[in-house]
Every structure is written in C-alpha cells, then in structure tokens.
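**Q** query.cif is reproduced in full below (mmCIF, C-alpha atoms (C1' of nucleotides)).
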data_query
loop_
_atom_site.group_PDB
_atom_site.id
_atom_site.type_symbol
_atom_site.label_atom_id
_atom_site.label_comp_id
_atom_site.auth_asym_id
_atom_site.auth_seq_id
_atom_site.Cartn_x
_atom_site.Cartn_y
_atom_site.Cartn_z
ATOM 1 C CA MET A 21 0.000 0.000 0.000
ATOM 2 C CA PRO A 22 1.749 3.136 -1.197
ATOM 3 C CA GLU A 23 -0.676 5.084 0.898
ATOM 4 C CA THR A 24 2.154 5.188 3.384
ATOM 5 C CA ALA A 25 3.469 8.170 1.462
ATOM 6 C CA SER A 26 0.217 10.055 1.870
ATOM 7 C CA LEU A 27 0.120 9.240 5.546
ATOM 8 C CA HIS A 28 3.610 10.528 6.012
ATOM 9 C CA THR A 29 2.853 13.703 4.082
ATOM 10 C CA ILE A 30 -0.209 14.435 6.179
ATOM 11 C CA GLY A 31 1.645 13.625 9.371
ATOM 12 C CA ALA A 32 4.519 15.926 8.495
ATOM 13 C CA GLN A 33 2.068 18.727 7.788
ATOM 14 C CA LEU A 34 0.390 18.210 11.144
ATOM 15 C CA ARG A 35 3.721 18.162 12.935
ATOM 16 C CA ARG A 36 4.817 21.399 11.321
ATOM 17 C CA ALA A 37 1.555 23.070 12.277
ATOM 18 C CA ARG A 38 1.770 21.713 15.816
ATOM 19 C CA LEU A 39 5.324 22.918 16.391
ATOM 20 C CA ALA A 40 4.489 26.279 14.835
ATOM 21 C CA ALA A 41 1.620 26.577 17.307
ATOM 22 C CA GLY A 42 3.863 25.550 20.181
ATOM 23 C CA LEU A 43 1.640 22.689 21.260
ATOM 24 C CA THR A 44 2.505 19.252 22.618
ATOM 25 C CA GLN A 45 1.121 16.046 21.159
ATOM 26 C CA GLU A 46 -0.990 15.618 24.258
ATOM 27 C CA GLN A 47 -2.494 19.089 23.941
ATOM 28 C CA VAL A 48 -3.436 18.547 20.319
ATOM 29 C CA ALA A 49 -4.839 15.120 21.128
ATOM 30 C CA GLU A 50 -7.040 16.582 23.827
ATOM 31 C CA LEU A 51 -8.198 19.451 21.613
ATOM 32 C CA ALA A 52 -9.064 16.964 18.895
ATOM 33 C CA GLY A 53 -10.757 14.592 21.302
ATOM 34 C CA ILE A 54 -8.457 11.621 20.737
ATOM 35 C CA SER A 55 -5.801 9.866 22.792
ATOM 36 C CA ARG A 56 -2.129 10.759 22.643
ATOM 37 C CA PRO A 57 -0.979 7.378 21.254
ATOM 38 C CA ARG A 58 -3.510 7.772 18.475
ATOM 39 C CA TYR A 59 -2.385 11.282 17.662
ATOM 40 C CA ARG A 60 1.196 10.104 17.686
ATOM 41 C CA ASP A 61 0.359 7.353 15.178
ATOM 42 C CA ILE A 62 -1.342 9.892 12.939
ATOM 43 C CA GLU A 63 1.446 12.448 13.149
ATOM 44 C CA THR A 64 4.176 9.881 12.508
ATOM 45 C CA GLY A 65 2.199 8.311 9.688
ATOM 46 C CA ALA A 66 2.091 4.970 11.461
ATOM 47 C CA ALA A 67 -1.668 4.677 10.962
ATOM 48 C CA ALA A 68 -4.456 6.305 9.007
ATOM 49 C CA ALA A 69 -7.059 8.313 10.863
ATOM 50 C CA ARG A 70 -10.709 8.489 9.949
ATOM 51 C CA ALA A 71 -11.688 11.455 7.855
ATOM 52 C CA THR A 72 -13.683 12.888 10.766
ATOM 53 C CA THR A 73 -10.754 12.438 13.145
ATOM 54 C CA LEU A 74 -8.407 14.135 10.700
ATOM 55 C CA MET A 75 -10.814 17.047 10.420
ATOM 56 C CA ASN A 76 -10.894 17.440 14.216
ATOM 57 C CA VAL A 77 -7.117 17.245 14.447
ATOM 58 C CA ALA A 78 -6.722 19.745 11.627
ATOM 59 C CA ARG A 79 -9.096 22.210 13.263
ATOM 60 C CA ALA A 80 -7.232 21.861 16.544
ATOM 61 C CA LEU A 81 -4.174 23.046 14.633
ATOM 62 C CA GLY A 82 -5.874 25.913 12.809
ATOM 63 C CA LEU A 83 -6.240 23.971 9.576
ATOM 64 C CA GLU A 84 -9.275 23.080 7.525
ATOM 65 C CA MET A 85 -9.685 19.972 5.407
ATOM 66 C CA MET A 86 -10.913 20.859 1.911
ATOM 67 C CA LEU A 87 -11.539 19.018 -1.345
ATOM 68 C CA ILE A 88 -10.013 21.062 -4.152
ATOM 69 C CA PRO A 89 -10.506 20.441 -7.874
ATOM 70 C CA GLN A 90 -7.177 19.184 -9.160
ATOM 71 C CA PHE A 91 -6.836 21.883 -11.782
ATOM 72 C CA LEU A 92 -6.984 24.485 -9.007
ATOM 73 C CA VAL A 93 -4.331 22.873 -6.841
ATOM 74 C CA PRO A 94 -1.465 24.953 -8.311
ATOM 75 C CA ALA A 95 -3.382 28.141 -7.593
ATOM 76 C CA VAL A 96 -4.060 27.063 -4.033
ATOM 77 C CA ASP A 97 -0.430 26.074 -3.587
ATOM 78 C CA THR A 98 0.529 29.560 -4.661
ATOM 79 C CA LEU A 99 -1.720 30.958 -1.970
ATOM 80 C CA LEU A 100 -0.059 28.667 0.541
ATOM 81 C CA SER A 101 3.581 28.996 -0.444
ATOM 82 C CA PRO A 102 4.633 32.622 0.088
ATOM 83 C CA GLU A 103 3.411 32.833 3.602
ATOM 84 C CA SER A 104 2.831 30.491 6.441
ATOM 85 C CA GLY A 105 0.650 31.100 9.417
ATOM 86 C CA GLU A 106 1.624 34.297 11.143
ATOM 87 C CA ASP A 107 4.324 33.443 13.600
ATOM 88 C CA ALA A 108 2.282 34.874 16.404
ATOM 89 C CA PRO A 109 1.881 31.821 18.614
ATOM 90 C CA ALA A 110 -0.159 30.971 21.571
ATOM 91 C CA PHE A 111 -3.587 30.216 20.591
ATOM 92 C CA VAL A 112 -5.470 27.733 18.581
ATOM 93 C CA PRO A 113 -9.160 27.296 18.015
ATOM 94 C CA GLN A 114 -10.959 24.288 19.366
ATOM 95 C CA PRO A 115 -12.487 21.565 17.254
ATOM 96 C CA GLU A 116 -15.938 22.621 16.120
ATOM 97 C CA PRO A 117 -16.501 26.175 17.420
ATOM 98 C CA ASP A 118 -20.105 25.838 16.303
ATOM 99 C CA ASP A 119 -20.838 29.527 16.577
ATOM 100 C CA GLU A 120 -19.395 32.699 15.253
ATOM 101 C CA ARG A 121 -19.495 36.073 16.740
ATOM 102 C CA MET B 1 -21.366 13.557 17.817
ATOM 103 C CA PRO B 2 -22.570 16.125 15.292
ATOM 104 C CA GLU B 3 -19.850 14.953 12.978
ATOM 105 C CA THR B 4 -22.799 13.727 11.011
ATOM 106 C CA ALA B 5 -22.986 17.209 9.537
ATOM 107 C CA SER B 6 -19.404 16.971 8.281
ATOM 108 C CA LEU B 7 -20.105 13.556 6.821
ATOM 109 C CA HIS B 8 -23.108 14.870 4.920
ATOM 110 C CA THR B 9 -21.182 17.889 3.689
ATOM 111 C CA ILE B 10 -18.387 15.708 2.345
ATOM 112 C CA GLY B 11 -20.840 13.251 0.871
ATOM 113 C CA ALA B 12 -22.800 15.974 -0.904
ATOM 114 C CA GLN B 13 -19.574 17.335 -2.364
ATOM 115 C CA LEU B 14 -18.607 13.900 -3.648
ATOM 116 C CA ARG B 15 -22.043 13.388 -5.159
ATOM 117 C CA ARG B 16 -21.940 16.712 -6.981
ATOM 118 C CA ALA B 17 -18.509 15.888 -8.364
ATOM 119 C CA ARG B 18 -19.613 12.407 -9.365
ATOM 120 C CA LEU B 19 -22.721 13.582 -11.198
ATOM 121 C CA ALA B 20 -20.776 16.378 -12.847
ATOM 122 C CA ALA B 21 -18.326 13.768 -14.088
ATOM 123 C CA GLY B 22 -21.132 11.532 -15.294
ATOM 124 C CA LEU B 23 -19.972 8.529 -13.288
ATOM 125 C CA THR B 24 -21.950 5.854 -11.469
ATOM 126 C CA GLN B 25 -21.331 4.935 -7.848
ATOM 127 C CA GLU B 26 -19.892 1.637 -8.991
ATOM 128 C CA GLN B 27 -17.446 3.312 -11.358
ATOM 129 C CA VAL B 28 -16.195 5.672 -8.674
ATOM 130 C CA ALA B 29 -15.941 2.814 -6.193
ATOM 131 C CA GLU B 30 -13.816 0.809 -8.612
ATOM 132 C CA LEU B 31 -11.619 3.791 -9.455
ATOM 133 C CA ALA B 32 -11.092 4.407 -5.751
ATOM 134 C CA GLY B 33 -10.500 0.739 -5.009
ATOM 135 C CA ILE B 34 -13.425 0.252 -2.642
ATOM 136 C CA SER B 35 -16.714 -1.603 -2.819
ATOM 137 C CA ARG B 36 -19.923 0.010 -4.021
ATOM 138 C CA PRO B 37 -21.765 -0.364 -0.671
ATOM 139 C CA ARG B 38 -18.851 1.392 1.033
ATOM 140 C CA TYR B 39 -18.841 4.227 -1.467
ATOM 141 C CA ARG B 40 -22.582 4.549 -1.098
ATOM 142 C CA ASP B 41 -22.208 4.876 2.697
ATOM 143 C CA ILE B 42 -19.569 7.559 2.231
ATOM 144 C CA GLU B 43 -21.525 9.524 -0.339
ATOM 145 C CA THR B 44 -24.737 9.426 1.668
ATOM 146 C CA GLY B 45 -22.895 10.300 4.870
ATOM 147 C CA ALA B 46 -23.968 7.056 6.506
ATOM 148 C CA ALA B 47 -20.419 6.265 7.570
ATOM 149 C CA ALA B 48 -17.044 7.932 7.846
ATOM 150 C CA ALA B 49 -14.263 6.813 5.538
ATOM 151 C CA ARG B 50 -10.621 6.634 6.455
ATOM 152 C CA ALA B 51 -8.575 9.629 5.442
ATOM 153 C CA THR B 52 -6.699 7.501 2.908
ATOM 154 C CA THR B 53 -9.940 6.164 1.457
ATOM 155 C CA LEU B 54 -11.356 9.672 1.177
ATOM 156 C CA MET B 55 -8.215 10.764 -0.645
ATOM 157 C CA ASN B 56 -8.571 7.892 -3.120
ATOM 158 C CA VAL B 57 -12.240 8.665 -3.689
ATOM 159 C CA ALA B 58 -11.517 12.359 -4.116
ATOM 160 C CA ARG B 59 -8.799 11.677 -6.685
ATOM 161 C CA ALA B 60 -11.139 9.381 -8.577
ATOM 162 C CA LEU B 61 -13.434 12.399 -8.885
ATOM 163 C CA GLY B 62 -10.737 14.895 -9.872
ATOM 164 C CA LEU B 63 -10.480 16.361 -6.394
ATOM 165 C CA GLU B 64 -7.554 16.686 -4.035
ATOM 166 C CA MET B 65 -7.728 16.628 -0.263
ATOM 167 C CA MET B 66 -5.810 19.552 1.226
ATOM 168 C CA LEU B 67 -5.241 21.021 4.667
ATOM 169 C CA ILE B 68 -5.693 24.778 4.428
ATOM 170 C CA PRO B 69 -4.825 27.299 7.161
ATOM 171 C CA GLN B 70 -8.137 28.616 8.407
ATOM 172 C CA PHE B 71 -7.295 32.238 7.694
ATOM 173 C CA LEU B 72 -6.844 31.315 4.019
ATOM 174 C CA VAL B 73 -10.143 29.493 3.660
ATOM 175 C CA PRO B 74 -12.032 32.587 2.399
ATOM 176 C CA ALA B 75 -9.409 33.141 -0.286
ATOM 177 C CA VAL B 76 -9.608 29.515 -1.374
ATOM 178 C CA ASP B 77 -13.400 29.688 -1.411
ATOM 179 C CA THR B 78 -13.115 32.640 -3.744
ATOM 180 C CA LEU B 79 -10.959 30.575 -6.053
ATOM 181 C CA LEU B 80 -13.556 27.828 -5.963
ATOM 182 C CA SER B 81 -16.667 29.918 -6.482
ATOM 183 C CA PRO B 82 -16.573 31.230 -10.072
ATOM 184 C CA GLU B 83 -15.912 28.029 -11.967
ATOM 185 C CA SER B 84 -15.493 24.374 -11.327
ATOM 186 C CA GLY B 85 -16.718 21.933 -13.964
ATOM 187 C CA GLU B 86 -13.905 21.592 -16.444
ATOM 188 C CA ASP B 87 -15.339 20.156 -19.579
ATOM 189 C CA ALA B 88 -18.127 18.088 -20.983
ATOM 190 C CA PRO B 89 -21.165 17.932 -18.749
ATOM 191 C CA ALA B 90 -22.497 21.343 -17.928
ATOM 192 C CA PHE B 91 -23.481 21.497 -14.355
ATOM 193 C CA VAL B 92 -22.365 24.332 -12.139
ATOM 194 C CA PRO B 93 -22.511 23.826 -8.410
ATOM 195 C CA GLN B 94 -23.892 26.708 -6.440
ATOM 196 C CA PRO B 95 -21.868 28.590 -3.831
ATOM 197 C CA GLU B 96 -23.354 26.635 -0.979
ATOM 198 C CA PRO B 97 -26.771 25.164 -1.456
ATOM 199 C CA ASP B 98 -28.057 22.755 1.092
ATOM 200 C CA ASP B 99 -28.768 19.269 0.028
ATOM 201 C CA GLU B 100 -30.603 18.093 -2.958
ATOM 202 C CA ARG B 101 -32.653 15.022 -2.915
ATOM 203 C "C1'" DA C 8 23.524 14.274 39.621
ATOM 204 C "C1'" DA C 9 18.106 13.858 40.151
ATOM 205 C "C1'" DA C 10 13.568 15.386 38.562
ATOM 206 C "C1'" DC C 11 10.737 16.451 35.204
ATOM 207 C "C1'" DA C 12 8.393 16.783 30.704
ATOM 208 C "C1'" DA C 13 7.655 15.314 25.996
ATOM 209 C "C1'" DA C 14 7.879 11.836 22.761
ATOM 210 C "C1'" DG C 15 8.478 6.799 21.255
ATOM 211 C "C1'" DA C 16 6.560 2.378 21.805
ATOM 212 C "C1'" DT C 17 3.787 -1.905 23.004
ATOM 213 C "C1'" DA C 18 -0.358 -4.677 24.679
ATOM 214 C "C1'" DT C 19 -5.369 -5.599 25.357
ATOM 215 C "C1'" DG C 20 -10.062 -4.748 24.356
ATOM 216 C "C1'" DT C 21 -13.877 -2.342 21.727
ATOM 217 C "C1'" DA C 22 -15.910 0.209 17.884
ATOM 218 C "C1'" DT C 23 -16.219 0.639 13.177
ATOM 219 C "C1'" DA C 24 -14.529 0.788 8.275
ATOM 220 C "C1'" DC C 25 -14.057 -2.412 4.957
ATOM 221 C "C1'" DA C 26 -15.251 -6.645 1.319
ATOM 222 C "C1'" DG C 27 -18.580 -9.513 -0.735
ATOM 223 C "C1'" DA C 28 -23.095 -11.351 -1.223
ATOM 224 C "C1'" DT C 29 -27.795 -10.673 -1.638
ATOM 225 C "C1'" DC C 30 -32.419 -8.464 -2.305
ATOM 226 C "C1'" DA C 31 -35.471 -4.500 -3.179
ATOM 227 C "C1'" DT C 32 -36.698 -0.156 -5.350
ATOM 228 C "C1'" DG C 33 -36.721 2.904 -8.678
ATOM 229 C "C1'" DT C 34 -35.530 4.702 -13.787
ATOM 230 C "C1'" DT C 35 -35.225 4.547 -18.512
ATOM 231 C "C1'" DC C 36 -35.304 2.436 -22.283
ATOM 232 C "C1'" DT C 37 -37.064 -0.501 -26.546
ATOM 233 C "C1'" DA D 29 -45.351 -4.989 -20.457
ATOM 234 C "C1'" DG D 30 -40.380 -6.650 -19.655
ATOM 235 C "C1'" DA D 31 -35.180 -5.820 -19.557
ATOM 236 C "C1'" DA D 32 -31.261 -3.491 -18.218
ATOM 237 C "C1'" DC D 33 -29.254 -0.447 -15.185
ATOM 238 C "C1'" DA D 34 -28.443 2.545 -11.090
ATOM 239 C "C1'" DT D 35 -29.245 3.133 -6.372
ATOM 240 C "C1'" DG D 36 -30.852 1.960 -1.540
ATOM 241 C "C1'" DA D 37 -30.349 -1.360 1.946
ATOM 242 C "C1'" DT D 38 -29.026 -5.327 5.066
ATOM 243 C "C1'" DC D 39 -26.145 -9.329 6.572
ATOM 244 C "C1'" DT D 40 -21.522 -11.963 7.794
ATOM 245 C "C1'" DG D 41 -16.872 -11.835 8.489
ATOM 246 C "C1'" DT D 42 -12.180 -9.456 8.658
ATOM 247 C "C1'" DA D 43 -8.986 -5.538 9.124
ATOM 248 C "C1'" DT D 44 -7.930 -1.640 11.578
ATOM 249 C "C1'" DA D 45 -8.841 2.830 14.101
ATOM 250 C "C1'" DC D 46 -9.649 3.856 18.530
ATOM 251 C "C1'" DA D 47 -9.125 4.114 24.187
ATOM 252 C "C1'" DT D 48 -6.494 3.047 28.161
ATOM 253 C "C1'" DA D 49 -2.642 1.522 30.561
ATOM 254 C "C1'" DT D 50 2.113 0.876 30.963
ATOM 255 C "C1'" DC D 51 7.005 1.263 30.019
ATOM 256 C "C1'" DT D 52 11.166 3.269 27.907
ATOM 257 C "C1'" DT D 53 13.899 7.012 25.965
ATOM 258 C "C1'" DT D 54 15.360 11.545 25.221
ATOM 259 C "C1'" DG D 55 15.837 16.205 26.383
ATOM 260 C "C1'" DT D 56 15.575 20.016 29.542
ATOM 261 C "C1'" DT D 57 15.792 22.273 34.029
ATOM 262 C "C1'" DT D 58 17.076 22.988 38.941
#
What would the structure in this file look like if it were written as structure tokens?
**A**
Amino acid sequence: MPETASLHTIGAQLRRARLAAGLTQEQVAELAGISRPRYRDIETGAAAARATTLMNVARALGLEMMLIPQFLVPAVDTLLSPESGEDAPAFVPQPEPDDER
Amino acid sequence: MPETASLHTIGAQLRRARLAAGLTQEQVAELAGISRPRYRDIETGAAAARATTLMNVARALGLEMMLIPQFLVPAVDTLLSPESGEDAPAFVPQPEPDDER
DNA sequence: AAACAAAGATATGTATACAGATCATGTTCT
DNA sequence: AGAACATGATCTGTATACATATCTTTGTTT
C-alpha cells in the first residue's frame, strides 16, 4: 500500500503546524478529542485516521480539510507557499466552534 | 457527535462531483479501489471513511484533499466559487446550497 | 547528579470501516 | 409490459482505528 506516502505527508504537515503553534502532542490530542498514542500514530504516519478524526485534528491546529478540484491545486499552492501562518503563537481554536461572533 | 454534519457535507460534495463527471457509484468505487456499498455509505454520509480512502475517492473524482490554514479558507473559497466543472457535462454547483434530494 | 516533561513504543479490548453477497426499489429504455 | 441499469439497503466476516494503561527514551531544568 503506497498510501504510506500520503500518511507521512499528512503527518509531516500536522507536525509542522503543531510545532508552529507551540503545542505538545498531548495538547493537540485533547483538543481533537483523541488519545495521545492515536495522535502520535497519525502524526508519525504509522496509521491512518478516519476522515472525521483528521478534520478534528486539523481544526485543533488551525487547519481546515478541503476538497479542491485538481486543476486548481497549483493556484491554491501559490496561496499557501509565500506565507505560512503568522508566527504569532499561543492560541489555537478548538475543534468545532459551532458559533461565530 | 454532530460529525454527522461533516459527513453529509463531504458526501454531498462527492455526489456533486460524481454527477458532474457523469460517473456511477460503482465506477467511482472501482476507481477508488473500494466496494460500491462502502462508497454509497460515504456519499450518503452514513459512515465515515478513512482519510486515505477519502483521498482515493476524491482523486477518482478529480479532487484533491488539502489542509488549508483557516485564515486562508475565504481566499480559497473565492478561487472555488466562479468556476469548477472543467469540460463536458455542464453542471455548475452553487456557492453553498443545502442538500438536494 | 536527580527530577521532570515530551515523545516513542507496546499490549489488550472495543468500535467501526471495509469486502462480498444478496435483495429490493426505482428509472429509462425498446 | 419486460429488460437493463443505477441506487438503496441489510447481513456476515475481517482488518484496523480507537481508548487506556504501561514502560522506555530523550531532552531540559534545577
């Protein structure tokens, strides 16, 4: 199963976002509502999460899972590449805010 | 767990993409390497797929799963809104309709 | 040094995503 | 009308995502 590559790619992205946010694995796991061993497996690419779990983890890290038409991927990558999340650390939304002000 | 809403949102997106591509559930299932009953459950939001399975299904439909920083979501949505169907079958998804049935 | 915190890792048990088979309910055609 | 096709739906069994507990390792701090 060459899906291992995808798992590793996702995991690396999560790890980068987590370190950028200054959070521990345990903190992200709790924010996402999963256990630390499970988050570790996801971040290291050792196991695949469910789509819903990945969405919760992503939100805990300030990311949103989206399905992008393939022909728009280069454009989206351009949006992503020049800048990363503002380096201002120290707070991350919770999974499923449910309400907006 | 109101993750049911997320499941239905994803499923509706897959269904729109599938119909726009003129594919049957069975064709998408085969392209994605899963069974038809499983694809049906995913498309109808009856069950959550694994992240890897969702990626395979998305690719079969010309979509790519991406993790987008939340502050960039509006910009990406703008990219998505004007066009989307690439060629043959003319069907243009609306900005965010509910569900069709 | 010891103490602590964060991450790596394994084991056991449960929930659920999967395959494959089967049957029913529409649709849309000659 | 039937026939072919697409979808909805349920069942049995297997693979794996999950929780929880425990232990080790590495890195940092006093």
**Q** Residue by residue, what does the PyMOL selection byres ((chain C) within 10 of (chain A)) grab here? Present the result as a list in words.
**A** DA13, DA14, DG15, DA16 and DA24 of chain C
**Q** Once the PyMOL selection byres ((chain A) within 8 of (chain D)) is applied to the coordinates I shared, what remains selected? I want it as a PyMOL selection string.
**A** chain A and resi 55+58+68-70
**Q** Select residues of chain A: the criterion is any atom within 7 Å of an atom of chain B, counting all atoms listed in the file; output as a VMD selection string.
**A** chain A and resid 23 68 to 72 74 82 to 90 96
**Q** Have a look at atom CA of His28 of chain A and atom CA of Val77 of chain A and let me know their distance in Å, one decimal.
**A**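 Interatomic distance here is 15.2 Å.
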**Q** Could you tell me how far atom CA of Gln27 of chain B lies from atom CA of Ala25 of chain A, in Å and to one decimal?
**A**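 A separation of 25.0 Å between them.
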**Q** As AutoDock Vina command-line options, please report the centre and edge lengths, rounded to one decimal in Å, of the axis-aligned box that holds all listed atoms of segment 18-30 of chain C with 3 Å of padding on each of the six sides.
**A**
--center_x -16.4 --center_y -5.3 --center_z 11.5 --size_x 38.1 --size_y 18.1 --size_z 33.7
**Q** Can you measure atom C1' of DG27 of chain C to atom CA of Ala46 of chain B for me? One decimal in Å is fine.
**A** 18.9 Å
